[in-house]
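Down below is the structure, laid out as structure tokens.
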Amino acid sequence: MSPRQPRRRSYDQYCASARALDAVGDRWTLLIVRELLAGPRRYTDLHADLPGVSTDVLATRLKDMEAQGLATRRKIPPPGAATVYELTARGADLLPVLHALAEWGAPELGDRRPTDALRAHWFALPLMRRLPATGTTAVVDVVLDEGVFHLRLGGGDAGPAYGDGPAGAPDARLVLDADTCRELCEGALSLEAGVKAGRIEVVGAGPVATVLRGD
């Protein structure tokens, strides 16, 4: 007789919110979604960008996400020759949920604590909501001392909403420090005010850069 599989915890409530929390309410799950919204990631990359998670917990959460139809695994061909995890369409539908959480949580950031880990791309979700509409799909690099990430503005199906590292051919580049980025995410500073104060540099000569500079 095969050993009995442990039953996943459930609220056992006939409620859409409860069902959603059954799927993504476990600790670390939504942060894994945050990482996979940037595109396919190897297990080692996920572990590196989720400081504090144990290997056992990460493996369990990924397995649960596969079972829930939120993520899938695939092998990429040489020269990569690695297994990557990526979101399914159902998992990618969590983007507005992460947007709302980031919007709600941004005022809680405050000053960075000595124990706080930081990856530059963690600013991507709250920052996307603070940049002006460019009128078209655009890719913007964001350059911090802590690293570089890129945002895809204007929606569309051209790729992930954001990504770690610079884009290949961005329409514009924002250069700023982490404190300024935090103030933007909180809504305490507008992009226009940051540019005028010399705290944010907008690099680029095209129409997207013009909109971001407020010209």
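Labeling convention for the structure tokens: chains A, B, ... as they appear, residues from 1 per chain, ligands from 1 in order of appearance.
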
For this session: Tell me, as JSON, numbers by chain, which residues lie within 12 Å of segment 16-22 of chain A, counting only C-alpha atoms; anything in the same chain fewer than 4 positions away does not count.
Result: {"A": [7, 8, 9, 10, 11, 12, 26, 27, 29, 30, 64, 65, 68, 70, 90, 91, 94, 97]}

Just the selected residues (C-alpha atoms), exported as a PDB file, in the first residue's frame, please.
```pdb
ATOM      1  CA  ARG A   7      -3.589  16.807   2.298  1.00  0.00           C
ATOM      2  CA  ARG A   8      -2.861  20.381   1.348  1.00  0.00           C
ATOM      3  CA  ARG A   9      -4.256  22.831   3.821  1.00  0.00           C
ATOM      4  CA  SER A  10      -7.499  24.457   2.753  1.00  0.00           C
ATOM      5  CA  TYR A  11      -9.850  26.965   4.280  1.00  0.00           C
ATOM      6  CA  ASP A  12     -12.712  24.729   3.116  1.00  0.00           C
ATOM      7  CA  ASP A  26       1.332  29.839   1.575  1.00  0.00           C
ATOM      8  CA  ARG A  27       4.449  31.713   2.667  1.00  0.00           C
ATOM      9  CA  THR A  29       4.368  31.511  -3.056  1.00  0.00           C
ATOM     10  CA  LEU A  30       3.556  35.057  -4.177  1.00  0.00           C
ATOM     11  CA  ASP A  64       2.605  22.949  -5.366  1.00  0.00           C
ATOM     12  CA  MET A  65       2.508  25.691  -8.010  1.00  0.00           C
ATOM     13  CA  GLN A  68      -2.157  24.183  -9.058  1.00  0.00           C
ATOM     14  CA  LEU A  70       0.369  28.198 -11.867  1.00  0.00           C
ATOM     15  CA  ARG A  90      -3.099  31.278 -15.040  1.00  0.00           C
ATOM     16  CA  GLY A  91      -0.020  32.190 -13.018  1.00  0.00           C
ATOM     17  CA  LEU A  94      -1.565  37.195 -10.843  1.00  0.00           C
ATOM     18  CA  VAL A  97      -2.670  41.007  -7.699  1.00  0.00           C
TER      19      VAL A  97
END
```

For this session: For segment 143-156 of chain A, please output as a PyMOL selection string all residues within 10 Å (counting only C-alpha atoms; exclusion window: fewer than 6 positions along the same chain).
Result: chain A and resi 38+118-125+127-129+131-137+162-168+170-181+201

Problem set entry | DSSP-assigned helix (DSSP H, G or I) members of segment 48-171 of chain A, reported as number ranges by chain | A: 48, 55-67, 89-92, 95-108, 120-128

Exercise. Quick one: of A:Gly69, A:Arg74, A:Gly214, A:Ala205, who's nearest to Glu192 of chain A, counting only C-alpha atoms?
Worked result: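 Counting only C-alpha atoms, the residue closest to Glu192 of chain A is A:Gly214.
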
Exercise. Taking the backbone alone, and naming residues the way the document does, which bits of segment 132-181 of chain A are strand (DSSP E) by DSSP, as JSON, numbers by chain?
Worked result: {"A": [138, 139, 140, 141, 142, 143, 144, 147, 148, 149, 150, 151, 152, 153, 162, 163, 164, 172, 173, 174, 175]}
